[in-house]
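Comments concern the structure below.
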Amino acid sequence: MEPAFMPSIVKVLVAAAATFVIGGLWYGPLFGKAWQRRAGLTDEQLKSANMARTFGLSFVLSFVAAWIFAMFLGPEPAPAFAIGVGALAGLCWVGASFGINDLFEQRSFGLWAINAGYHTLAFTLYGAVFGLWH
């Protein structure tokens, strides 16, 4: 029996960090106010949040997602395949899952589009890191 593929910790850290930076832009200057309004969050709620906990756990979760996605892709995926599968995983797995929750929670299409758009971009970036870095 062959040993299981173990992704490079450095590649996973880079992938997670890249999506973490993109998330800061996505939920900040690009779509921050629209997301806040659609999510029903006030400025006071955001200011009172434990941001160290939020950012720390978000990075851990990004690392976990990148790690498992790297394992899914395998040791040396073709770049076009990795990027394409990343985009599809973000939109069709994560985005569809958000969509189901949003329908039952009666959330707006705009909130879904912001969140699903970010995760589509995030998984596309995971694919780019793992597909282009051999």
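If you're wondering about the labels, chains in the structure tokens are A, B, ... by order shown, residues count from 1 in each chain, ligands from 1 in order shown.
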For this session: Compile the contact shell of Val14 of chain A as a VMD selection string: residues with an atom at most 10 Å away, counting only C-alpha atoms, same-chain residues fewer than 2 positions apart removed.
Result: chain A and resid 8 to 12 16 to 20 63 66 126 129 to 130
Determine, using only C-alpha atoms, which residues of segment 5-53 of chain A have any atom at most 8 Å from an atom of segment 111-119 of chain A, and tabulate each with its shortest atom pair and distance in Å to one decimal place, rows ordered by chain and then rising number, as a Markdown table.
```
| residue | atom | partner | partner_atom | distance |
| --- | --- | --- | --- | --- |
| A:Gly23 | CA | A:Tyr118 | CA | 6.9 |
| A:Trp26 | CA | A:Tyr118 | CA | 6.8 |
| A:Phe31 | CA | A:Ile114 | CA | 7.2 |
| A:Trp35 | CA | A:Leu111 | CA | 6.2 |
| A:Arg38 | CA | A:Leu111 | CA | 5.6 |
| A:Ala39 | CA | A:Leu111 | CA | 6.7 |
```
Can I get the selected residues back with N, CA and C atoms, as a short mmCIF file (atom, residue, chain, number, x, y, z; two decimals), in the first residue's frame?
```cif
data_model
loop_
_atom_site.label_atom_id
_atom_site.label_comp_id
_atom_site.auth_asym_id
_atom_site.auth_seq_id
_atom_site.Cartn_x
_atom_site.Cartn_y
_atom_site.Cartn_z
N GLY A 23 -9.69 37.86 0.86
CA GLY A 23 -10.88 38.03 1.70
C GLY A 23 -10.92 39.41 2.34
N TRP A 26 -12.02 41.64 -0.46
CA TRP A 26 -13.39 41.31 -0.88
C TRP A 26 -14.42 41.85 0.12
N PHE A 31 -16.55 44.84 -1.37
CA PHE A 31 -17.96 44.53 -1.10
C PHE A 31 -18.33 44.64 0.37
N TRP A 35 -21.94 43.73 1.80
CA TRP A 35 -22.02 42.50 2.59
C TRP A 35 -22.61 42.80 3.96
N ARG A 38 -26.37 43.48 3.72
CA ARG A 38 -27.15 42.28 3.39
C ARG A 38 -27.10 41.24 4.52
N ALA A 39 -26.01 41.22 5.28
CA ALA A 39 -25.89 40.29 6.41
C ALA A 39 -26.61 40.81 7.65
#
```
Problem set entry | Polymer residues at most 9 Å from Ala78 of chain A, only C-alpha atoms, same-chain spacing of 5 or more positions, as an MDAnalysis selection string | chainID A and resid 83 130:132
Problem set entry | Point-to-point distance in Å for atom CA of Arg37 of chain A and atom CA of Gln106 of chain A | 14.6 Å
Problem set entry | Residue nearest Pro7 of chain A - candidates A:Val94, A:Met71, A:Leu121, A:Ile22, atoms counted: only C-alpha atoms |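 Smallest separation from Pro7 of chain A among the options: A:Met71.
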Problem set entry | Residue among A:Phe55, A:Gly127, A:Leu41, A:Pro29 lying closest to Leu73 of chain A, counting only C-alpha atoms |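 The answer is A:Gly127, which sits nearest to Leu73 of chain A.
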For this session: Quick one: pick out all helix (DSSP H, G or I) residues within segment 2-134 of chain A from a backbone DSSP run and write them as a VMD selection string.
Result: chain A and resid 9 to 30 32 to 39 43 to 48 51 to 73 79 to 104 109 to 132
Seminar exercise, completed: From the list A:Gln36, A:Asn50, A:Thr120, A:Ser58, the nearest residue to Gly95 of chain A using only C-alpha atoms is A:Thr120
Problem set entry | Distance of atom CA of Glu105 of chain A from atom CA of Cys92 of chain A, expressed in Å to one decimal place |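 The value is 19.2 Å.
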Exercise. Which one is closest to Gly90 of chain A: A:Gly110, A:Ala122, A:Gln45, A:Gly40? Count only C-alpha atoms.
Worked result: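 For Gly90 of chain A, the nearest of the given residues is A:Ala122.
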For this session: May I ask for the distance between atom CA of Leu125 of chain A and atom CA of Ala15 of chain A, given in Å to one decimal place?
Result: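 Taking atom CA of Leu125 of chain A and atom CA of Ala15 of chain A, their separation equals 6.9 Å.
Distance annotation: of A:Trp67, A:Tyr27, A:Phe59, A:Phe123, the residue with the minimal separation from Met6 of chain A is A:Trp67; atom set is only C-alpha atoms.
The residue that comes closest to Lys33 of chain A, out of A:Phe104, A:Val85, A:Phe5, A:Leu46 and on the basis of only C-alpha atoms, is A:Leu46.
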